[in-house]
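Undergrad: My file is coords17.txt. It has compact mmCIF, C-alpha atoms and all ligand atoms:
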```
# COMPACT_ATOMS: atom_id res chain seq x y z
CA MET S 119 -39.01 -1.67 67.41
CA LYS S 120 -37.96 -0.75 70.95
CA ILE S 121 -34.23 -0.08 71.14
CA ILE S 122 -32.84 -1.44 74.41
CA THR S 123 -30.07 0.34 76.33
CA GLU S 124 -28.28 -0.13 79.67
CA LYS S 125 -31.06 1.57 81.60
CA ASP S 126 -33.43 -1.27 80.53
CA ILE S 127 -31.10 -3.99 81.89
CA ASP S 128 -31.35 -4.70 85.61
CA GLY S 129 -28.23 -5.60 87.59
CA ASP S 130 -25.57 -7.93 86.24
CA PRO S 131 -27.32 -10.80 84.43
CA LEU S 132 -23.96 -12.56 83.84
CA GLY S 133 -23.52 -12.59 87.62
CA GLY S 134 -20.11 -14.16 88.23
CA ARG S 135 -20.45 -16.86 85.56
CA THR S 136 -17.29 -18.08 83.80
CA ILE S 137 -17.16 -17.08 80.16
CA CYS S 138 -15.00 -19.01 77.73
CA VAL S 139 -14.18 -17.09 74.56
CA PHE S 140 -13.44 -19.53 71.74
CA GLY S 141 -11.19 -17.88 69.15
CA TYR S 142 -9.04 -14.78 69.60
CA GLY S 143 -9.41 -13.09 66.20
CA SER S 144 -11.23 -9.88 65.32
CA GLN S 145 -14.26 -10.42 67.58
CA GLY S 146 -12.65 -12.83 70.07
CA GLU S 147 -9.90 -10.44 71.15
CA ALA S 148 -12.20 -7.41 71.44
CA GLN S 149 -14.98 -9.27 73.25
CA ALA S 150 -12.62 -11.06 75.66
CA LEU S 151 -11.00 -7.74 76.64
CA ASN S 152 -14.33 -5.88 76.98
CA LEU S 153 -15.85 -8.72 79.03
CA ARG S 154 -12.85 -8.78 81.37
CA ASP S 155 -12.87 -4.99 81.76
CA SER S 156 -16.57 -5.26 82.67
CA GLY S 157 -15.64 -7.55 85.55
CA ALA S 158 -16.44 -10.97 84.01
CA GLU S 159 -14.33 -14.07 84.65
CA VAL S 160 -12.89 -14.86 81.19
CA VAL S 161 -10.79 -17.70 79.81
CA VAL S 162 -9.78 -18.03 76.15
CA ALA S 163 -9.90 -21.35 74.27
CA LEU S 164 -7.65 -22.02 71.28
CA PRO S 165 -6.33 -25.20 69.69
CA ALA S 166 -2.69 -26.15 70.20
CA GLY S 167 -0.56 -24.32 67.65
CA SER S 168 -3.06 -21.50 67.10
CA ARG S 169 -1.52 -18.34 65.68
CA SER S 170 -3.64 -16.30 68.12
CA ARG S 171 -2.31 -17.94 71.30
CA GLU S 172 0.63 -15.62 71.85
CA ARG S 173 -1.56 -12.48 71.60
CA ALA S 174 -4.06 -13.84 74.13
CA GLU S 175 -1.33 -14.90 76.55
CA ARG S 176 0.41 -11.54 76.22
CA GLU S 177 -2.85 -9.93 77.36
CA GLY S 178 -2.72 -12.11 80.47
CA PHE S 179 -5.55 -14.49 79.58
CA GLU S 180 -5.47 -18.11 80.67
CA VAL S 181 -5.56 -20.02 77.37
CA VAL S 182 -7.06 -23.50 77.48
CA ASP S 183 -7.77 -26.29 75.04
CA PRO S 184 -11.27 -25.86 73.44
CA GLY S 185 -12.63 -29.10 74.99
CA GLU S 186 -11.55 -27.97 78.45
CA GLY S 187 -12.97 -24.49 77.82
CA ALA S 188 -16.39 -26.02 76.98
CA ARG S 189 -16.31 -28.12 80.16
CA ARG S 190 -15.43 -25.15 82.38
CA ALA S 191 -17.67 -22.48 80.91
CA ASP S 192 -21.09 -21.28 82.02
CA VAL S 193 -21.17 -19.12 78.89
CA CYS S 194 -19.42 -20.14 75.65
CA ALA S 195 -18.72 -17.23 73.27
CA LEU S 196 -18.29 -18.99 69.92
CA LEU S 197 -16.02 -16.61 68.01
CA VAL S 198 -14.35 -19.02 65.60
CA PRO S 199 -14.71 -18.63 61.79
CA ASP S 200 -18.24 -19.28 60.47
CA GLU S 201 -16.85 -21.82 57.97
CA ILE S 202 -15.87 -24.22 60.77
CA MET S 203 -18.68 -23.36 63.21
CA SER S 204 -21.01 -26.33 62.64
CA ASP S 205 -18.20 -28.94 62.91
CA PHE S 206 -16.75 -27.07 65.90
CA VAL S 207 -20.04 -27.05 67.81
CA ARG S 208 -20.78 -30.69 66.99
CA GLU S 209 -17.31 -32.09 67.76
CA THR S 210 -15.95 -29.82 70.49
CA VAL S 211 -18.70 -27.83 72.19
CA SER S 212 -21.80 -30.06 72.38
CA PRO S 213 -20.08 -33.15 73.84
CA ASN S 214 -18.44 -31.12 76.63
CA ILE S 215 -20.91 -28.53 77.92
CA ARG S 216 -23.08 -28.86 81.02
CA GLU S 217 -26.85 -28.52 81.17
CA GLY S 218 -27.85 -24.83 81.16
CA THR S 219 -24.67 -23.54 79.49
CA ALA S 220 -25.29 -20.54 77.25
CA LEU S 221 -23.90 -20.59 73.71
CA VAL S 222 -23.32 -17.10 72.33
CA PHE S 223 -22.89 -16.58 68.58
CA ALA S 224 -21.76 -13.24 67.07
CA HIS S 225 -23.54 -13.90 63.78
CA GLY S 226 -26.53 -16.07 62.94
CA PHE S 227 -25.06 -17.53 59.72
CA SER S 228 -24.30 -20.99 61.04
CA LEU S 229 -27.65 -21.19 62.85
CA ARG S 230 -29.58 -20.04 59.77
CA PHE S 231 -27.73 -22.07 57.11
CA ALA S 232 -25.09 -24.45 58.36
CA GLU S 233 -27.28 -26.76 60.40
CA VAL S 234 -25.67 -26.16 63.75
CA ASP S 235 -27.62 -28.32 66.13
CA PRO S 236 -26.80 -27.45 69.75
CA PRO S 237 -28.11 -29.72 72.53
CA ALA S 238 -31.66 -28.95 73.72
CA TYR S 239 -30.38 -28.31 77.27
CA ALA S 240 -28.26 -25.29 76.21
CA ASP S 241 -29.37 -21.69 75.85
CA VAL S 242 -28.60 -20.43 72.35
CA ILE S 243 -28.31 -16.70 71.76
CA VAL S 244 -26.89 -14.36 69.16
CA VAL S 245 -25.27 -11.05 70.07
CA ALA S 246 -24.02 -9.49 66.84
CA PRO S 247 -22.02 -6.26 67.19
CA MET S 248 -22.52 -3.92 64.23
CA GLY S 249 -18.88 -3.54 63.24
CA PRO S 250 -15.45 -5.15 63.39
CA GLY S 251 -13.75 -6.16 66.62
CA LEU S 252 -11.17 -3.39 66.48
CA ARG S 253 -13.95 -0.78 66.48
CA LEU S 254 -15.82 -2.62 69.25
CA ARG S 255 -12.73 -2.40 71.43
CA GLU S 256 -11.83 1.19 70.50
CA ARG S 257 -15.35 2.46 71.23
CA PHE S 258 -15.41 0.56 74.53
CA MET S 259 -12.11 2.15 75.59
CA GLU S 260 -13.53 5.59 74.76
CA GLY S 261 -16.40 4.89 77.16
CA LYS S 262 -18.80 4.37 74.23
CA GLY S 263 -19.86 1.26 72.34
CA LEU S 264 -21.04 -0.22 69.08
CA PRO S 265 -24.73 -1.03 68.61
CA ALA S 266 -25.65 -4.71 68.27
CA SER S 267 -28.57 -6.92 67.39
CA PHE S 268 -29.46 -9.83 69.63
CA SER S 269 -31.79 -12.81 69.58
CA VAL S 270 -32.75 -15.82 71.64
CA GLU S 271 -32.81 -18.97 69.53
CA GLN S 272 -33.25 -21.53 72.31
CA ASP S 273 -34.24 -20.86 75.91
CA ALA S 274 -33.49 -23.97 77.93
CA THR S 275 -33.07 -22.20 81.27
CA GLY S 276 -35.78 -19.55 81.04
CA THR S 277 -33.05 -16.91 81.48
CA ALA S 278 -31.56 -16.84 77.96
CA ARG S 279 -32.84 -13.34 77.17
CA ALA S 280 -31.36 -11.93 80.39
CA THR S 281 -28.04 -13.63 79.53
CA ALA S 282 -28.11 -12.09 76.03
CA LEU S 283 -28.75 -8.63 77.49
CA GLY S 284 -26.05 -9.09 80.14
CA TYR S 285 -23.55 -10.23 77.52
CA ALA S 286 -24.39 -7.29 75.22
CA LYS S 287 -23.99 -4.94 78.18
CA ALA S 288 -20.61 -6.40 79.15
CA ILE S 289 -19.13 -5.95 75.66
CA GLY S 290 -20.33 -2.33 75.66
CA CYS S 291 -23.11 -2.56 73.06
CA ALA S 292 -25.97 -1.66 75.42
CA ARG S 293 -24.29 1.72 76.00
CA VAL S 294 -25.54 2.60 72.51
CA GLY S 295 -28.50 0.40 71.59
CA LEU S 296 -29.64 -3.19 71.10
CA PHE S 297 -32.03 -4.32 68.35
CA GLU S 298 -34.00 -7.48 69.18
CA THR S 299 -34.33 -9.79 66.18
CA THR S 300 -33.96 -13.45 65.11
CA ALA S 301 -30.87 -15.22 63.76
CA ALA S 302 -32.66 -15.58 60.42
CA GLU S 303 -33.43 -11.87 60.10
CA GLU S 304 -29.99 -10.77 61.34
CA THR S 305 -28.24 -13.11 58.90
CA GLU S 306 -30.36 -12.32 55.85
CA VAL S 307 -30.17 -8.54 56.37
CA ASP S 308 -26.42 -8.71 57.08
CA LEU S 309 -25.66 -10.79 53.97
CA PHE S 310 -27.84 -8.59 51.79
CA ALA S 311 -26.25 -5.37 53.06
CA GLU S 312 -22.71 -6.63 52.44
CA GLN S 313 -23.51 -8.01 48.98
CA ALA S 314 -25.70 -5.20 47.64
CA VAL S 315 -24.42 -2.13 49.45
CA LEU S 316 -21.38 -2.22 51.73
CA CYS S 317 -19.03 -4.47 49.74
CA GLY S 318 -20.44 -5.76 46.42
CA GLY S 319 -22.39 -2.58 45.71
CA VAL S 320 -19.87 0.08 46.70
CA THR S 321 -16.82 -1.56 45.10
CA ARG S 322 -18.63 -2.01 41.75
CA LEU S 323 -20.00 1.54 41.85
CA ILE S 324 -16.47 2.89 42.34
CA GLU S 325 -15.10 0.66 39.56
CA ALA S 326 -17.86 1.60 37.13
CA GLY S 327 -17.31 5.31 37.76
CA PHE S 328 -13.54 4.95 37.38
CA ASP S 329 -13.85 2.88 34.15
CA THR S 330 -16.33 5.36 32.62
CA LEU S 331 -13.93 8.27 33.13
CA VAL S 332 -10.85 6.36 31.90
CA GLU S 333 -12.69 5.06 28.80
CA ALA S 334 -13.59 8.67 28.00
CA GLY S 335 -9.88 9.61 28.04
CA TYR S 336 -9.50 11.08 31.54
CA SER S 337 -6.40 10.19 33.53
CA PRO S 338 -6.64 7.11 35.79
CA GLU S 339 -4.97 9.04 38.60
CA LEU S 340 -7.60 11.77 38.72
CA ALA S 341 -10.42 9.27 38.21
CA TYR S 342 -9.09 7.23 41.15
CA MET S 343 -8.84 10.19 43.49
CA GLU S 344 -12.31 11.52 42.62
CA CYS S 345 -14.24 8.23 42.53
CA LEU S 346 -12.48 6.34 45.33
CA TYR S 347 -10.38 8.54 47.56
CA GLU S 348 -13.07 11.17 48.07
CA LEU S 349 -15.63 8.58 49.10
CA ASP S 350 -14.17 8.77 52.61
CA LEU S 351 -15.63 12.23 53.18
CA THR S 352 -19.06 11.27 51.83
CA VAL S 353 -19.29 8.11 53.92
CA SER S 354 -18.17 9.81 57.11
CA LEU S 355 -20.72 12.60 56.60
CA ILE S 356 -23.49 10.05 55.92
CA VAL S 357 -22.57 8.04 59.02
CA ARG S 358 -22.33 11.15 61.22
CA PHE S 359 -25.30 13.12 59.94
CA GLY S 360 -27.51 10.86 57.75
CA LEU S 361 -28.42 11.35 54.07
CA SER S 362 -30.11 14.71 54.59
CA GLY S 363 -27.15 15.81 56.76
CA LEU S 364 -24.82 15.01 53.85
CA ARG S 365 -27.02 17.02 51.51
CA LYS S 366 -26.86 20.02 53.83
CA ARG S 367 -23.08 19.95 53.75
CA ILE S 368 -22.26 19.50 50.04
CA SER S 369 -22.03 22.25 47.45
CA GLY S 370 -25.11 23.41 45.58
CA THR S 371 -23.65 21.91 42.39
CA ALA S 372 -23.09 18.54 44.04
CA LEU S 373 -26.60 18.63 45.48
CA TYR S 374 -28.23 19.41 42.14
CA GLY S 375 -26.23 16.61 40.47
CA ASP S 376 -27.17 14.16 43.22
CA LEU S 377 -30.90 14.84 43.12
CA THR S 378 -31.29 15.02 39.35
CA ARG S 379 -28.93 12.18 38.32
CA GLY S 380 -28.75 9.62 41.17
CA ASP S 381 -31.92 7.73 40.22
CA ARG S 382 -30.45 7.06 36.77
CA ILE S 383 -27.45 5.32 38.36
CA ILE S 384 -29.48 3.07 40.65
CA GLY S 385 -32.41 2.41 38.32
CA SER S 386 -34.96 -0.38 37.97
CA GLU S 387 -32.41 -2.91 36.68
CA THR S 388 -30.24 -2.53 39.79
CA ARG S 389 -33.25 -2.70 42.08
CA GLU S 390 -34.39 -5.92 40.37
CA ALA S 391 -30.87 -7.36 40.76
CA MET S 392 -31.06 -6.50 44.47
CA ARG S 393 -34.37 -8.39 44.80
CA GLU S 394 -32.82 -11.40 43.05
CA ILE S 395 -29.77 -11.30 45.35
CA LEU S 396 -32.12 -11.19 48.35
CA ARG S 397 -34.08 -14.20 47.01
CA GLU S 398 -30.81 -16.16 46.63
CA ILE S 399 -29.98 -15.41 50.26
CA GLN S 400 -33.44 -16.35 51.51
CA ASP S 401 -33.70 -19.64 49.59
CA GLY S 402 -30.17 -20.71 50.62
CA THR S 403 -28.62 -20.54 47.11
CA PHE S 404 -25.89 -18.13 48.26
CA ALA S 405 -24.96 -20.17 51.35
CA ARG S 406 -24.86 -23.43 49.33
CA GLN S 407 -22.63 -21.90 46.65
CA MET S 408 -20.26 -20.41 49.23
CA VAL S 409 -19.95 -23.62 51.25
CA SER S 410 -19.47 -25.70 48.08
CA ASP S 411 -16.71 -23.32 46.87
CA GLU S 412 -14.99 -23.52 50.29
CA ARG S 413 -15.15 -27.33 50.17
CA SER S 414 -13.47 -27.35 46.78
CA GLY S 415 -10.59 -25.19 48.04
CA GLY S 416 -12.06 -21.73 47.30
CA LYS S 417 -11.37 -21.92 43.53
CA GLU S 418 -14.14 -19.47 42.57
CA LEU S 419 -13.20 -17.00 45.34
CA HIS S 420 -9.46 -17.03 44.68
CA GLY S 421 -9.94 -16.81 40.90
CA ALA S 422 -12.16 -13.74 41.30
CA LEU S 423 -9.71 -12.15 43.75
CA SER S 424 -6.76 -12.49 41.38
CA ARG S 425 -8.80 -11.09 38.45
CA GLU S 426 -9.69 -8.06 40.62
CA ARG S 427 -6.04 -7.40 41.50
CA GLU S 428 -5.15 -7.20 37.80
CA LYS S 429 -7.64 -4.42 37.04
CA LEU S 430 -6.42 -0.93 36.12
CA ILE S 431 -8.13 0.59 39.17
CA GLU S 432 -6.07 -1.65 41.47
CA GLU S 433 -2.86 -0.93 39.60
CA THR S 434 -3.62 2.81 39.87
CA GLY S 435 -4.32 2.40 43.59
CA ARG S 436 -0.95 0.72 44.11
CA ARG S 437 0.81 3.58 42.31
CA LEU S 438 -1.05 6.20 44.36
CA ALA S 439 -0.84 4.35 47.67
CA ALA S 440 1.50 6.86 49.32
CA ILE S 441 -1.08 9.62 48.75
CA ALA S 442 -4.39 7.76 48.71
CA HIS S 443 -3.79 5.03 51.30
CA PRO S 444 -0.98 6.16 53.61
CA GLU S 445 -2.07 3.74 56.33
CA ALA S 446 -2.19 0.68 54.08
CA VAL S 447 0.23 -2.09 54.94
CA PRO S 448 2.47 -2.63 51.89
CA ASP S 449 1.02 -5.61 50.03
CA SER S 450 3.66 -7.80 48.49
CA SER S 451 1.24 -10.50 47.24
N1 LIG C 501 -14.96 -9.70 61.96
C1 LIG C 501 -16.07 -8.97 62.09
O1 LIG C 501 -16.09 -7.79 61.75
C2 LIG C 501 -17.33 -9.57 62.67
C3 LIG C 501 -18.40 -8.72 62.99
C4 LIG C 501 -19.54 -9.28 63.61
C5 LIG C 501 -19.61 -10.65 63.81
N2 LIG C 501 -18.56 -11.45 63.43
C6 LIG C 501 -18.64 -12.89 63.70
O2 LIG C 501 -17.71 -13.22 64.73
C7 LIG C 501 -17.33 -14.60 64.60
C8 LIG C 501 -15.81 -14.69 64.58
O3 LIG C 501 -15.36 -14.00 63.43
P1 LIG C 501 -13.95 -13.22 63.40
O4 LIG C 501 -14.00 -12.30 62.22
O5 LIG C 501 -13.63 -12.68 64.75
O6 LIG C 501 -12.97 -14.44 63.07
P2 LIG C 501 -11.37 -14.40 62.88
O7 LIG C 501 -10.86 -13.01 63.00
O8 LIG C 501 -11.08 -15.16 61.63
O9 LIG C 501 -10.82 -15.22 64.15
C9 LIG C 501 -11.12 -16.56 64.35
C10 LIG C 501 -10.40 -17.06 65.57
O10 LIG C 501 -10.78 -18.41 65.83
C11 LIG C 501 -9.61 -19.18 66.05
N3 LIG C 501 -9.89 -20.58 65.76
C12 LIG C 501 -9.84 -21.24 64.57
N4 LIG C 501 -10.19 -22.53 64.76
C13 LIG C 501 -10.45 -22.68 66.10
C14 LIG C 501 -10.84 -23.76 66.92
N5 LIG C 501 -11.02 -24.97 66.40
N6 LIG C 501 -10.99 -23.55 68.25
C15 LIG C 501 -10.82 -22.32 68.80
N7 LIG C 501 -10.43 -21.24 68.05
C16 LIG C 501 -10.26 -21.43 66.74
C17 LIG C 501 -8.58 -18.53 65.14
O11 LIG C 501 -7.28 -18.92 65.52
P3 LIG C 501 -6.01 -18.84 64.49
O12 LIG C 501 -5.46 -17.46 64.69
O13 LIG C 501 -5.11 -19.91 64.91
O14 LIG C 501 -6.57 -19.03 63.10
C18 LIG C 501 -8.87 -17.07 65.43
O15 LIG C 501 -8.29 -16.67 66.65
C19 LIG C 501 -18.00 -15.09 63.30
O16 LIG C 501 -19.20 -15.74 63.63
C20 LIG C 501 -18.28 -13.80 62.55
O17 LIG C 501 -19.36 -13.88 61.62
C21 LIG C 501 -17.42 -10.94 62.88
```
Will you turn the file into structure tokens for me?
Ligand SMILES: NC(=O)c1ccc[n+]([C@@H]2O[C@H](COP(=O)([O-])OP(=O)(O)OC[C@H]3O[C@@H](n4cnc5c(N)ncnc54)[C@H](OP(=O)(O)O)[C@@H]3O)[C@@H](O)[C@H]2O)c1

TA:
Amino acid sequence: MKIITEKDIDGDPLGGRTICVFGYGSQGEAQALNLRDSGAEVVVALPAGSRSRERAEREGFEVVDPGEGARRADVCALLVPDEIMSDFVRETVSPNIREGTALVFAHGFSLRFAEVDPPAYADVIVVAPMGPGLRLRERFMEGKGLPASFSVEQDATGTARATALGYAKAIGCARVGLFETTAAEETEVDLFAEQAVLCGGVTRLIEAGFDTLVEAGYSPELAYMECLYELDLTVSLIVRFGLSGLRKRISGTALYGDLTRGDRIIGSETREAMREILREIQDGTFARQMVSDERSGGKELHGALSREREKLIEETGRRLAAIAHPEAVPDSS
């Protein structure tokens, strides 16, 4: 795959077009600020009574009603929650946009699963930054960027790809690298990575390690610090230097333990579970279950969350917060 950077993008493909950023949350705030700092004309669209309105106005953005934003924009950055995306596009965006307007998504989920059906006369693109909005903004301010994937899902004007590249450049992602893909691939890989590795995988690995030590009579405090707190160092070494870079920087004892024991932790059973999880993403089972839980008030999600909070590892974390998580906002819930 060719990785695209700024040197591959000619001129300013956004060229004076008005961009309306819908939503001013994690991605909306960061993208609106980066776009404006890159010289784009930006307005923010939020519903009346939105909790985000004050923050956007404080930053000096003109905040308009979403219907008006769709009417005014040449480029609509759709940065509202994925759960409401398909209704939002159908009820607010599609009836109000002009022919040739570009719709920019930051994640392909609603295109892949939620039956978003934008009008045939709109360009539809995905520019998905690889990280949260706060990081996207911080890196931009440092003169760097976050990598992103991008795709063209509908090219009504013949210029959708140039718009995608221009947009990715303006939010800072082309400073690092752009991966060209499809909404389906981006979504399936993203969901799999968060379920099997980044969130579902890592949290359960930490819990299983912690529980094994505590069951064997070791103190929860030490188990917590070793299995959870110290992960920070490992992850930052992996991200900075790669797996072999980590292995160059750990002790000989840690290295021997890693290479002779790791395959027993992630064995054939876990790999088969990963394949099954991937199949459930690909055939839509995961998306259907999630949407159906949301429609019934999030019973499954909230039940699981409250069971997690009651676990010994969480109770230990709360007791050790001053040492282990000094930056954590006190959680009274
Ligand atoms: N967060 C990430 O790390 C990340 C990374 C890559 C891609 N993405 C994608 O970025 C998109 C946005 O996610 P996010 O995490 O930035 O969401 P978020 O933090 O939950 O923010 C959503 C924003 O949309 C506003 N909103 C809600 N309903 C609206 C409506 N009807 N019209 C206009 N604005 C409305 C919310 O206002 P209120 O404050 O009033 O609720 C809030 O400002 C999603 O597609 C997501 O998958 C997110």

Undergrad: Within 12 Å of Ile289 in chain S, counting all atoms listed in the file, which residues show up once you throw out same-chain ones fewer than 6 positions away? Write them as a compact mmCIF listing (two decimals) with C-alpha atoms, keeping the file's coordinate frame, please.

TA:
```txt
# COMPACT_ATOMS: atom_id res chain seq x y z
CA GLU S 124 -28.28 -0.13 79.67
CA LEU S 132 -23.96 -12.56 83.84
CA GLN S 145 -14.26 -10.42 67.58
CA GLY S 146 -12.65 -12.83 70.07
CA GLU S 147 -9.90 -10.44 71.15
CA ALA S 148 -12.20 -7.41 71.44
CA GLN S 149 -14.98 -9.27 73.25
CA ALA S 150 -12.62 -11.06 75.66
CA LEU S 151 -11.00 -7.74 76.64
CA ASN S 152 -14.33 -5.88 76.98
CA LEU S 153 -15.85 -8.72 79.03
CA ARG S 154 -12.85 -8.78 81.37
CA ASP S 155 -12.87 -4.99 81.76
CA SER S 156 -16.57 -5.26 82.67
CA GLY S 157 -15.64 -7.55 85.55
CA ALA S 158 -16.44 -10.97 84.01
CA ALA S 195 -18.72 -17.23 73.27
CA ALA S 224 -21.76 -13.24 67.07
CA VAL S 245 -25.27 -11.05 70.07
CA ALA S 246 -24.02 -9.49 66.84
CA PRO S 247 -22.02 -6.26 67.19
CA GLY S 251 -13.75 -6.16 66.62
CA ARG S 253 -13.95 -0.78 66.48
CA LEU S 254 -15.82 -2.62 69.25
CA ARG S 255 -12.73 -2.40 71.43
CA GLU S 256 -11.83 1.19 70.50
CA ARG S 257 -15.35 2.46 71.23
CA PHE S 258 -15.41 0.56 74.53
CA MET S 259 -12.11 2.15 75.59
CA GLY S 261 -16.40 4.89 77.16
CA LYS S 262 -18.80 4.37 74.23
CA GLY S 263 -19.86 1.26 72.34
CA LEU S 264 -21.04 -0.22 69.08
CA PRO S 265 -24.73 -1.03 68.61
CA ALA S 266 -25.65 -4.71 68.27
CA ALA S 282 -28.11 -12.09 76.03
CA LEU S 283 -28.75 -8.63 77.49
CA LEU S 296 -29.64 -3.19 71.10
```

Undergrad: One decimal, Å: what's the distance from CA of Gly290 in chain S over to CA of Thr123 in chain S, could you say?

TA: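 These atoms are spaced 10.1 Å apart.
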
Undergrad: Report, in Å to a single decimal, how far apart CA of Val211 in chain S and CA of Gly402 in chain S are.

TA: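 Taking CA of Gly402 in chain S as the start and CA of Val211 in chain S as the end point, the length is 25.4 Å.
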
Undergrad: As a quick test: using all atoms listed in the file, which residues lie no more than 9 Å away from ligand LIG 501 (chain C)? Give them as a PyMOL selection string.

TA: chain S and resi 139-148+162-171+183-185+196-203+205-206+210+223-228+245-253+266

Undergrad: As an exercise, work out the distance from CA of Thr219 in chain S to CA of Lys287 in chain S in Å and give it to one decimal place.

TA: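 According to the coordinates, CA of Thr219 in chain S and CA of Lys287 in chain S are separated by 18.7 Å.
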
Undergrad: I'd like to know which of S:Leu373, S:Ala188, S:Leu340, S:Cys194 is closest to Pro213 in chain S, using only C-alpha atoms.

TA: S:Ala188

Undergrad: Got a sec: who's within 10 Å of Leu221 in chain S, counting only C-alpha atoms, leaving out chain neighbours fewer than 6 positions off, as a PyMOL selection string?

TA: chain S and resi 137-138+188+191-196+207+211-212+215+236+240-244+271-272+278+281-282

Undergrad: Residues as selected, C-alpha atoms, written as a CSV table (one decimal), in the coordinates of the input, can you do that?

TA:
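Output saved as out34.csv:
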```csv
chain,number,residue,atom,x,y,z
S,137,ILE,CA,-17.2,-17.1,80.2
S,138,CYS,CA,-15.0,-19.0,77.7
S,188,ALA,CA,-16.4,-26.0,77.0
S,191,ALA,CA,-17.7,-22.5,80.9
S,192,ASP,CA,-21.1,-21.3,82.0
S,193,VAL,CA,-21.2,-19.1,78.9
S,194,CYS,CA,-19.4,-20.1,75.6
S,195,ALA,CA,-18.7,-17.2,73.3
S,196,LEU,CA,-18.3,-19.0,69.9
S,207,VAL,CA,-20.0,-27.0,67.8
S,211,VAL,CA,-18.7,-27.8,72.2
S,212,SER,CA,-21.8,-30.1,72.4
S,215,ILE,CA,-20.9,-28.5,77.9
S,236,PRO,CA,-26.8,-27.4,69.8
S,240,ALA,CA,-28.3,-25.3,76.2
S,241,ASP,CA,-29.4,-21.7,75.8
S,242,VAL,CA,-28.6,-20.4,72.4
S,243,ILE,CA,-28.3,-16.7,71.8
S,244,VAL,CA,-26.9,-14.4,69.2
S,271,GLU,CA,-32.8,-19.0,69.5
S,272,GLN,CA,-33.2,-21.5,72.3
S,278,ALA,CA,-31.6,-16.8,78.0
S,281,THR,CA,-28.0,-13.6,79.5
S,282,ALA,CA,-28.1,-12.1,76.0
```

Undergrad: Restricting the calculation to only C-alpha atoms: of S:Ile122, S:Met343, S:Ile395, S:Ala174, which residue gets closest to Val315 in chain S?

TA: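 Ranking S:Ile122, S:Met343, S:Ile395, S:Ala174 by distance to Val315 in chain S, first place goes to S:Ile395.
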